[in-house]
Structures are given as structure tokens and as C-alpha cells.
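A.B. asks: Structure file target.cif (mmCIF, C-alpha atoms and all ligand atoms) is given on the next line.
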data_entry
loop_
_atom_site.label_atom_id
_atom_site.label_comp_id
_atom_site.auth_asym_id
_atom_site.auth_seq_id
_atom_site.Cartn_x
_atom_site.Cartn_y
_atom_site.Cartn_z
CA MET A 1 132.10 108.97 77.87
CA LEU A 2 130.04 108.67 81.03
CA GLU A 3 131.81 106.74 83.77
CA VAL A 4 129.19 104.42 85.22
CA PRO A 5 129.14 103.24 88.87
CA GLU A 6 129.78 99.48 88.92
CA LYS A 7 127.26 98.20 91.47
CA VAL A 8 123.86 97.39 89.95
CA LEU A 9 120.96 97.47 92.42
CA VAL A 10 118.05 96.78 90.05
CA THR A 11 118.58 95.56 86.49
CA GLU A 12 116.90 96.96 83.41
CA ALA A 13 114.95 93.69 83.04
CA ALA A 14 113.71 93.75 86.65
CA ILE A 15 112.59 97.37 86.24
CA ALA A 16 110.75 96.54 83.01
CA GLU A 17 108.95 93.60 84.67
CA LYS A 18 107.93 95.77 87.66
CA VAL A 19 106.69 98.56 85.38
CA ARG A 20 104.52 96.04 83.53
CA GLU A 21 103.05 94.79 86.85
CA LEU A 22 102.34 98.32 88.11
CA GLY A 23 100.78 99.29 84.78
CA ALA A 24 98.51 96.22 84.87
CA ARG A 25 97.40 96.97 88.46
CA ILE A 26 96.68 100.62 87.62
CA THR A 27 94.74 99.53 84.52
CA ARG A 28 92.57 97.21 86.65
CA ASP A 29 92.09 99.65 89.55
CA TYR A 30 91.11 102.60 87.35
CA ALA A 31 89.00 100.63 84.85
CA GLY A 32 86.36 102.86 83.24
CA ARG A 33 88.14 106.03 84.41
CA SER A 34 90.61 108.45 82.89
CA PRO A 35 93.28 109.23 85.50
CA VAL A 36 95.76 112.05 85.22
CA LEU A 37 99.32 111.00 85.99
CA ILE A 38 101.41 113.77 87.48
CA GLY A 39 105.10 113.23 86.89
CA VAL A 40 107.24 114.88 89.55
CA LEU A 41 110.26 116.38 87.83
CA LYS A 42 112.86 115.75 87.27
CA GLY A 43 113.54 112.26 88.61
CA SER A 44 110.31 110.57 87.48
CA PHE A 45 110.51 111.34 83.77
CA VAL A 46 112.00 108.00 82.72
CA PHE A 47 109.73 105.90 84.95
CA LEU A 48 106.66 107.88 83.87
CA ALA A 49 107.52 107.45 80.20
CA ASP A 50 107.60 103.67 80.61
CA LEU A 51 104.66 103.50 83.04
CA VAL A 52 102.17 105.33 80.78
CA ARG A 53 102.92 102.82 78.03
CA ALA A 54 102.13 99.96 80.43
CA ILE A 55 98.67 101.40 81.21
CA ASP A 56 95.75 100.51 78.93
CA LEU A 57 93.46 103.44 79.78
CA PRO A 58 92.82 106.94 78.38
CA VAL A 59 95.31 108.56 80.77
CA THR A 60 96.51 112.13 80.58
CA VAL A 61 99.90 113.38 81.76
CA GLU A 62 100.93 116.55 83.58
CA PHE A 63 104.18 117.58 85.19
CA LEU A 64 105.04 119.24 88.45
CA GLY A 65 108.56 120.37 89.19
CA VAL A 66 109.78 120.21 92.77
CA GLN A 67 113.19 120.37 94.29
CA SER A 68 114.14 119.14 97.70
CA TYR A 69 117.81 118.24 97.45
CA GLY A 70 119.43 120.81 95.21
CA ASP A 71 122.69 119.20 94.16
CA ALA A 72 123.45 117.83 97.63
CA THR A 73 123.05 114.14 98.47
CA GLU A 74 121.09 114.86 101.66
CA SER A 75 117.55 116.20 101.81
CA SER A 76 117.44 119.83 102.83
CA GLY A 77 113.96 119.23 104.25
CA VAL A 78 112.82 122.25 102.27
CA VAL A 79 110.60 121.52 99.26
CA ARG A 80 109.82 124.11 96.62
CA ILE A 81 107.81 124.11 93.40
CA THR A 82 109.97 124.87 90.39
CA LEU A 83 107.25 124.24 87.77
CA ASP A 84 103.52 124.29 88.51
CA LEU A 85 100.81 122.18 86.85
CA ALA A 86 99.63 123.60 83.53
CA ARG A 87 96.01 122.44 84.00
CA PRO A 88 93.56 122.16 86.91
CA VAL A 89 93.09 118.73 88.48
CA ALA A 90 89.80 119.45 90.28
CA GLY A 91 87.42 116.52 89.88
CA ARG A 92 90.11 114.27 88.35
CA ASP A 93 91.51 110.95 89.51
CA VAL A 94 95.08 111.97 90.21
CA LEU A 95 98.02 109.61 90.44
CA ILE A 96 101.29 111.21 91.49
CA VAL A 97 104.32 109.47 89.97
CA GLU A 98 107.62 109.71 91.87
CA ASP A 99 110.96 108.06 91.28
CA ILE A 100 111.90 107.76 94.96
CA ILE A 101 110.49 108.39 98.40
CA ASP A 102 113.29 108.99 100.85
CA THR A 103 112.49 111.20 103.87
CA GLY A 104 108.88 111.43 102.66
CA LEU A 105 108.90 115.23 102.94
CA THR A 106 108.35 115.78 99.21
CA CYS A 107 105.53 113.23 99.20
CA ARG A 108 103.77 114.91 102.13
CA TYR A 109 104.14 118.33 100.51
CA LEU A 110 102.76 117.02 97.20
CA PHE A 111 99.73 115.45 98.88
CA GLU A 112 98.92 118.72 100.67
CA GLN A 113 99.40 120.78 97.50
CA ILE A 114 97.30 118.55 95.23
CA GLU A 115 94.61 117.74 97.80
CA ALA A 116 93.98 121.49 98.09
CA ARG A 117 93.11 121.58 94.37
CA GLY A 118 90.09 119.29 94.80
CA PRO A 119 90.83 116.05 92.90
CA SER A 120 88.15 113.35 93.09
CA SER A 121 90.84 110.88 94.19
CA LEU A 122 94.54 111.10 94.93
CA LYS A 123 97.07 108.26 95.01
CA MET A 124 100.83 107.86 94.93
CA CYS A 125 102.95 105.66 92.71
CA ALA A 126 106.68 105.47 93.45
CA LEU A 127 109.33 103.34 91.81
CA LEU A 128 111.52 103.25 94.95
CA HIS A 129 111.11 103.61 98.70
CA LYS A 130 113.98 103.91 101.14
CA PRO A 131 112.28 103.21 104.50
CA ALA A 132 115.49 103.58 106.55
CA ARG A 133 115.41 107.33 105.89
CA THR A 134 111.68 108.01 105.98
CA ARG A 135 110.87 110.68 108.57
CA VAL A 136 107.14 111.27 108.03
CA PRO A 137 104.40 108.70 107.40
CA VAL A 138 103.83 108.11 103.70
CA GLN A 139 101.12 106.31 101.84
CA ILE A 140 102.47 104.63 98.69
CA ASP A 141 99.60 103.00 96.81
CA TYR A 142 101.77 101.57 94.02
CA LEU A 143 105.38 100.76 94.87
CA GLY A 144 108.08 99.29 92.68
CA PHE A 145 110.94 98.37 95.03
CA THR A 146 111.92 98.86 98.65
CA ILE A 147 115.65 99.59 98.70
CA PRO A 148 118.42 99.80 101.32
CA ASP A 149 119.91 103.08 102.52
CA GLU A 150 122.26 103.63 99.60
CA PHE A 151 122.59 106.48 97.12
CA VAL A 152 120.93 105.23 93.96
CA VAL A 153 121.37 106.67 90.47
CA GLY A 154 120.06 105.85 87.01
CA TYR A 155 116.66 105.41 85.35
CA GLY A 156 115.92 109.09 85.99
CA LEU A 157 117.70 109.43 89.34
CA ASP A 158 120.73 111.68 89.50
CA ALA A 159 123.80 112.63 91.45
CA ALA A 160 124.45 116.33 90.82
CA GLN A 161 122.23 116.02 87.69
CA LYS A 162 124.33 113.17 86.21
CA TYR A 163 123.46 109.50 85.54
CA ARG A 164 119.74 110.02 84.80
CA ASN A 165 120.29 108.28 81.46
CA LEU A 166 121.49 104.93 82.86
CA LYS A 167 119.17 102.06 81.92
CA ASP A 168 119.41 100.32 85.31
CA LEU A 169 119.59 101.48 88.93
CA ARG A 170 123.09 101.62 90.36
CA VAL A 171 124.68 102.48 93.70
CA LEU A 172 126.92 105.53 93.85
CA GLU A 173 129.66 104.59 96.27
CA SER A 174 131.38 107.51 97.95
C1 LIG B 201 114.01 113.42 94.67
C2 LIG B 201 112.82 112.59 94.24
C3 LIG B 201 111.72 113.05 95.13
C4 LIG B 201 112.45 113.49 96.40
C5 LIG B 201 112.27 112.46 97.45
O1 LIG B 201 113.99 114.62 93.97
O2 LIG B 201 112.51 112.77 92.91
O3 LIG B 201 111.01 114.13 94.57
O4 LIG B 201 113.84 113.62 96.07
O5 LIG B 201 112.97 112.77 98.60
P1 LIG B 201 112.27 112.96 100.01
O6 LIG B 201 111.38 111.79 100.24
O7 LIG B 201 113.46 112.98 100.96
O8 LIG B 201 111.53 114.25 100.03
P2 LIG B 201 115.24 115.63 93.91
O9 LIG B 201 115.06 116.74 94.87
O10 LIG B 201 116.52 114.82 94.01
O11 LIG B 201 115.11 116.29 92.50
P3 LIG B 201 115.08 115.63 91.04
O12 LIG B 201 113.82 114.78 90.97
O13 LIG B 201 115.04 116.80 90.14
O14 LIG B 201 116.32 114.78 90.87
#
Using the file provided, produce a representation of the structure as C-alpha cells.

C.D. replies:
Amino acid sequence: MLEVPEKVLVTEAAIAEKVRELGARITRDYAGRSPVLIGVLKGSFVFLADLVRAIDLPVTVEFLGVQSYGDATESSGVVRITLDLARPVAGRDVLIVEDIIDTGLTCRYLFEQIEARGPSSLKMCALLHKPARTRVPVQIDYLGFTIPDEFVVGYGLDAAQKYRNLKDLRVLES
């Protein structure tokens, strides 16, 4: 059995409602186009799976693996690619999908990396933003929730690779 942290930050129902809203906005904003959603592994896989089903457009999906934390709870500040995109994104409308923006270092790195590949547009969608810890300016075009400076797990987010399978977002109290 998985022992689940008690404190719920965002319920399953609130997440589902927000995903529907984001999907509707993306559908309107990209009307007539076929954006490619890039899921940033691993944390975004649950959010991305729900988000694509809330978008009524001919989207395509790619994945990019990055690691910034390792198994520590603090950002190392060092971002590395663990899995590169399988297809070119030149000339495409690219929407990066992240689970959380914390220091913003991963986000900045992703923008630089993808911009260099010549997309026709590039935007960021993040489920969570933790502004108290953000160290570099970030542009989040589609944001789910702004959250306090707490260690959040569930709905794709982990602590030492655990808890990604929780249906809601919970606070891991130390
Ligand atoms: C998380 C998250 C972002 C990054 C954000 O990934 O998915 O990619 O941290 O942090 P930052 O704004 O401080 O750069 P993590 O390294 O925990 O890996 P994971 O997605 O595999 O869990």
C-alpha cells in the first residue's frame, strides 16, 4: 500500500475543471492550426494525458525528458536533457507542457532549446507555478494554479519518484 500524505492542496475535481478550462482556451487560441504539445517528462505525463483530451484540435504529441532535481527536493540549478524530441518542430506551433514551474530554470532552458529549432510559435502551459521560488523571469501563457512554497506531490509530481499516481495534489510535510 502507498502511504498518502494527508494534506490536499488541489482536489481531483478542481484539477479536472481547470484542465477543461485550459483545453477550451487552447482550442480557441489555436483554432485552424495543428499545434504540437511537448510533454516535459516525467512530471507532466498525467497532466498532458488529460489536457490533450480537453483540446478539440488535430494536435500532435512529443516528449522531451529533462531532469533538474535528481531525487533531491531542491533544484540543483543544472538542467540536462535525458530524452530528446523524436521529430523536428521547425515551422510548428509548439506548446510546452510542464507540471510545475519552480525556480524557472528548466523553463528558461526549454525555451532556449526549442526556440533554436525554429518553431513558428512557442508557448508554455504549466499546471502549477510557485512564484516564491522563481529565480528567473518566466512567461507562462496557460497556467493552472499558483501555489504556495510547499513541496507538492501527486498528479504526476513526485518525491523521490513516488506519489506520481495520486489523483489529487498533496503537500509532502517534512
Ligand atoms: C520538475 C518539473 C519541471 C522542473 C521545474 O521536474 O517537472 O521540469 O522540476 O523546476 P524549476 O522551475 O526549478 O526548474 P523534475 O526535475 O522534478 O523531474 P520530473 O519531472 O522527472 O519529476

A.B. asks: Dump the neighbourhood of ligand LIG 201 (chain B) as number ranges by chain: all residues within 9 Å, distances computed on only C-alpha atoms and all ligand atoms.

C.D. replies: A: 40-45, 65-79, 98-109, 129-130, 133-136, 156-161, 164

A.B. asks: For a test of reading the model, state the distance in Å between atom CA of A:Val152 and atom CA of A:Lys167, rounded to one decimal.

C.D. replies: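 Interatomic distance here is 12.6 Å.
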
A.B. asks: Here is a test: counting all atoms listed in the file, which residue of A:Lys123, A:Arg117, A:Arg87, A:Arg53 is nearest to A:Asp29?

C.D. replies: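 Closest to A:Asp29 of all the choices is A:Lys123.
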
A.B. asks: Counting all atoms listed in the file, which of A:Asp56, A:Asp141, A:Glu6, A:Glu115 gets nearest to A:Val97?

C.D. replies: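 Looking only at the distances to A:Val97, the closest residue turns out to be A:Asp141.
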
A.B. asks: Within 12 Å of A:Val8, counting all atoms listed in the file, which residues qualify if same-chain residues fewer than 2 places away don't, as a count of residues only?

C.D. replies: 23

A.B. asks: For the atom pair atom CA of A:Leu37 and atom CA of A:Phe145, what is the interatomic distance in Å to one decimal place?

C.D. replies: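 Atom-to-atom, atom CA of A:Leu37 to atom CA of A:Phe145, that is 19.4 Å.
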
A.B. asks: I'd like the box whose edges run along x, y and z of the file and which contains every listed atom of stretch 58-66 of chain A, padded by 8 Å per side; could you state its centre and edge lengths in Å, one decimal, as JSON?

C.D. replies:
{"center_x": 101.3, "center_y": 113.7, "center_z": 85.6, "size_x": 33.0, "size_y": 29.4, "size_z": 30.4}

A.B. asks: Can you tell me how far atom CA of A:Met124 sits from atom CA of A:Val59, in Å to one decimal?

C.D. replies: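 Between atom CA of A:Met124 and atom CA of A:Val59 the gap is 15.2 Å.
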
A.B. asks: Could you give me, as a PyMOL selection string, the residues that sit within 10 Å of (92.5, 111.3, 76.4) in the file's coordinates, counting all atoms listed in the file?

C.D. replies: chain A and resi 34-36+57-61

A.B. asks: Output the selection as a PDB file, in the frame of the given file - C-alpha atoms for each residue.

C.D. replies:
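Saved file selection.pdb follows:
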ATOM      1  CA  SER A  34      90.610 108.450  82.890  1.00  0.00           C
ATOM      2  CA  PRO A  35      93.280 109.230  85.500  1.00  0.00           C
ATOM      3  CA  VAL A  36      95.760 112.050  85.220  1.00  0.00           C
ATOM      4  CA  LEU A  57      93.460 103.440  79.780  1.00  0.00           C
ATOM      5  CA  PRO A  58      92.820 106.940  78.380  1.00  0.00           C
ATOM      6  CA  VAL A  59      95.310 108.560  80.770  1.00  0.00           C
ATOM      7  CA  THR A  60      96.510 112.130  80.580  1.00  0.00           C
ATOM      8  CA  VAL A  61      99.900 113.380  81.760  1.00  0.00           C
TER       9      VAL A  61
END

A.B. asks: Please provide as a PyMOL selection string all residues within 6 Å of stretch 19-28 of chain A, with the sequence filter that same-chain residues fewer than 5 positions apart are discarded (counting only C-alpha atoms).

C.D. replies: chain A and resi 51+54-56

A.B. asks: Using all atoms listed in the file, can you tell me which of A:Ala31, A:Pro119, A:Leu110, A:Glu62 comes closest to A:Arg80?

C.D. replies: A:Leu110

A.B. asks: Nearest residue to A:Leu143 out of A:Ala86, A:Leu64, A:Ile96, A:Ile114, using all atoms listed in the file?

C.D. replies: A:Ile96
